[in-house]
Amino acid sequence: MKKNICMPKLSEKMESGVLAAWNKEVGEKVENGEVLFEIETEKVVSEVESQESGILEAVYFEAGDEIKVDEIIAVISCD
Amino acid sequence: MKLVMKSRSMRSSQSSVVTNKETKMEKKPEWLKVSYNKAAVDEVSGIMARLKLNTVCKEANCPNLGECYKKRTATFMIMGNICTRHCRFCNVTSGVVKQVDPNEPLHLAEAVKELDLKHVVITSVTRVDLQDGGARHFANTIRAVRKLNPEVSIEVLIPDLKGVNDHLDIIIEASPEVINHNVETVQALYSQVRPEANYEQSMHVLDYVKTQAPHIKTKTGIMVGLGEADEQVYQVMDDSLKVGCDIFTIGQYLRPSSNHIEVKEYVKPEKFAAYKKIGEAKGFHFITSSPLVRSSYRAEEALDI
C-alpha cells in the first residue's frame with residue numbers, strides 16, 4: 001500500500017515551511033519513528049519522524065524548497 | 001546522492017515552491033534542532049481539545065512541544081488563549097479576551113490525572129481586565145489539581161498581577177510548590193521587549209512571595225539573544241538572588257514571526273554553559289541554561305535538588 005507523506009503543520013499559525021533536508025534517500029527503508037526529513041520554520045529546525053514503515057518511493061521536493069502545509073512531499077510504499 | 005522525482009501528476013503543486021532565498025526564512029544554527037512526531041502531538045492535542053484546555057506549548061509555538069508532548073507532558077495556560085498585553089517577543093494572541101471558564105480548574109485537574117503528571121506547570125495569559133488579575137482562578141486551579149492529584153507537585157508561572165500584594169497572597173495561600181515569575185529580559189531592554197511591564201515590579205513579585213512564604217520555591221528566567229550584554233545578565237542574576245530566588249532559567253529568544261522583535265544573536269551553547277557556571281557560583285539552588293530551555297522545560301528536575 002502506498003502512503004502519501006504531507007507537509008506537516010508544526011504549529012497553529014504555520015502556513016508553510018522550508019524543507020531543510022531529507023534524511024532518507026529514495027529506495028531506502030524507513031521505519032516508523034525514524035527521522036524522515038527536516039523542516040525549517042520561523043523558530044527552529046524540526047526533525048520530522050515517519051509515521052509509516054516501508055520504502056521511500058518518491059520525493060517531490062528538494063532541500064531549500066518552501067512548501068505549503070498539507071502538500072504531498074513524498075510517497076512511502078508501506079510494508 | 002539524494003534523488004528527487006518530480007512526476008507529471010505533481011506538477012500542479014510546484015507553483016508553491018519558493019527557493020530559500022525568497023522565503024526570508026533565517027537559517028538556524030545546528031543546535032536549534034528539535035524532534036516532531038505527529039502521532040504523539042495529536043494525542044496530547046486531543047486531550048486538551050476534549051477538555052477545552054489551552055497549552056502555552058501550542059499558543060507560544062514552543063520549539064519543545066514535540067519533545068514534551070511525546071513524553072505526555074505540557075504546560076497548561078489558563079484563562080483563555082488571548083492576552084491583554086502586547087509583549088514583542090510573545091506568540092500568544094493579543095486582543096479582546098473571553099470570559100474565564102469556571103470549569104477550567106476541574107478540567108485541568110482531570111488532564112493532569114489522565115496524563116499521569118508528577119509535576120504540573122500552570123501558566124496564564126495576562127488578564128488586566130480581571131479585578132484580581134486572575135489570582136483567584138489560579139488558586140482555584142491549584143486546589144482542584146491538588147484535590148484530584150494529591151501526589152502531584154504544582155508550579156505556577158504567574159503574570160506580575162501589577163505587583164499587588166493582596167492578589168499575590170491569594171496564590172500564595174493556595175500553596176503551590178513553586179511560584180515562577182519571569183523577568184524575561186535584562187532591565188535595559190524592557191521598553192523594547194516588555195513595554196507594558198516593569199522590571200522592579202517583577203522583582204517585587206519574587207521578593208514578596210519569598211518574604212511571605214519562604215517554603216515556596218521561587219523561580220525566574222530570561223531569554224538571551226535580544227542584544228543584552230553579559231554584565232546585564234549577571235545583574236539580573238544578582239537582583240534575583242537578592243530577593244531570594246531559588247531557580248533561574250536562561251534560554252535563546254526565538255522570533256515567532258517577522259512581526260516580532262528580531263533575534264540579535266544566536267547565543268552559542270558554550271556561552272549558555274558559562275552562564276550556568278556563573279549562576280551556580282553566584283548561589284542559585286538550581287539553574288538551567290541552554291538554547292532550548294524554556295521556563296517550564298523539564299521543570300520537575302529543579303525539584304529533585
# chains A, B, ... in the order shown; residues from 1 in each chain; ligands from 1

$ select_by_dssp --residues "region 77-237 of chain B" --states "strand (DSSP E or B)" --output "MDAnalysis selection string"
chainID B and resid 77:78 82:83 93:94 119:124 153:157 178:180 184 217:224

$ residues_around --residues "region 96-105 of chain B" --least-positions-apart "6" --cutoff "7 Å" --atoms "only C-alpha atoms" --output "list in words"
Met79, Gly80, Ile82, Cys83, Asn140, Thr141 and Ala144 of chain B

$ write_last_selection --atoms "C-alpha atoms" --output "mmCIF file, in the first residue's frame"
data_model
loop_
_atom_site.group_PDB
_atom_site.id
_atom_site.type_symbol
_atom_site.label_atom_id
_atom_site.label_comp_id
_atom_site.auth_asym_id
_atom_site.auth_seq_id
_atom_site.Cartn_x
_atom_site.Cartn_y
_atom_site.Cartn_z
ATOM 1 C CA MET B 79 -7.920 31.982 31.500
ATOM 2 C CA GLY B 80 -8.080 31.698 27.740
ATOM 3 C CA ILE B 82 -5.918 35.728 24.340
ATOM 4 C CA CYS B 83 -3.701 38.103 26.286
ATOM 5 C CA ASN B 140 -8.959 27.531 42.367
ATOM 6 C CA THR B 141 -6.930 25.645 39.785
ATOM 7 C CA ALA B 144 -8.637 21.470 42.103
#

$ closest_residue --among "A:Asp65, A:Glu15, A:Glu28, A:Glu34" --to "Glu49 (chain A)" --atoms "only C-alpha atoms"
A:Glu34

$ residues_around --residues "Ser45 (chain B)" --least-positions-apart "4" --cutoff "9 Å" --atoms "only C-alpha atoms" --output "ChimeraX atom specification"
/B:40-41,49-50,55,58,69

$ interface_residues --of "chain A" --to "chain B" --cutoff "10 Å" --atoms "only C-alpha atoms" --output "MDAnalysis selection string"
chainID A and resid 8:14 16:27 32:35 38:51 57:68 71:74

$ select_by_dssp --residues "region 35-65 of chain B" --states "helix (DSSP H, G or I)" --output "ChimeraX atom specification"
/B:38-50,56-59,65

$ residues_around --residues "Ile158 (chain B)" --least-positions-apart "2" --cutoff "10 Å" --atoms "only C-alpha atoms" --output "list in words"
Ile122, Thr123, Ser124, Val125, Thr126, Gly133, Gly134, Ala135, Phe138, Glu155, Val156, Asp160, Leu161, Leu168, Ile171, Ile179, Asn180, His181, Asn182 and Val205 of chain B

$ residues_around --residues "Glu196 (chain B)" --least-positions-apart "5" --cutoff "8 Å" --atoms "only C-alpha atoms" --output "PyMOL selection string"
chain B and resi 85-87+191

$ atom_distance --atom1 "CA of Arg146 (chain B)" --atom2 "CA of Ala109 (chain B)"
7.7 Å

$ closest_residue --among "A:Leu56, A:Val30, A:Cys78, A:Leu36" --to "Met7 (chain A)" --atoms "only C-alpha atoms"
A:Leu36
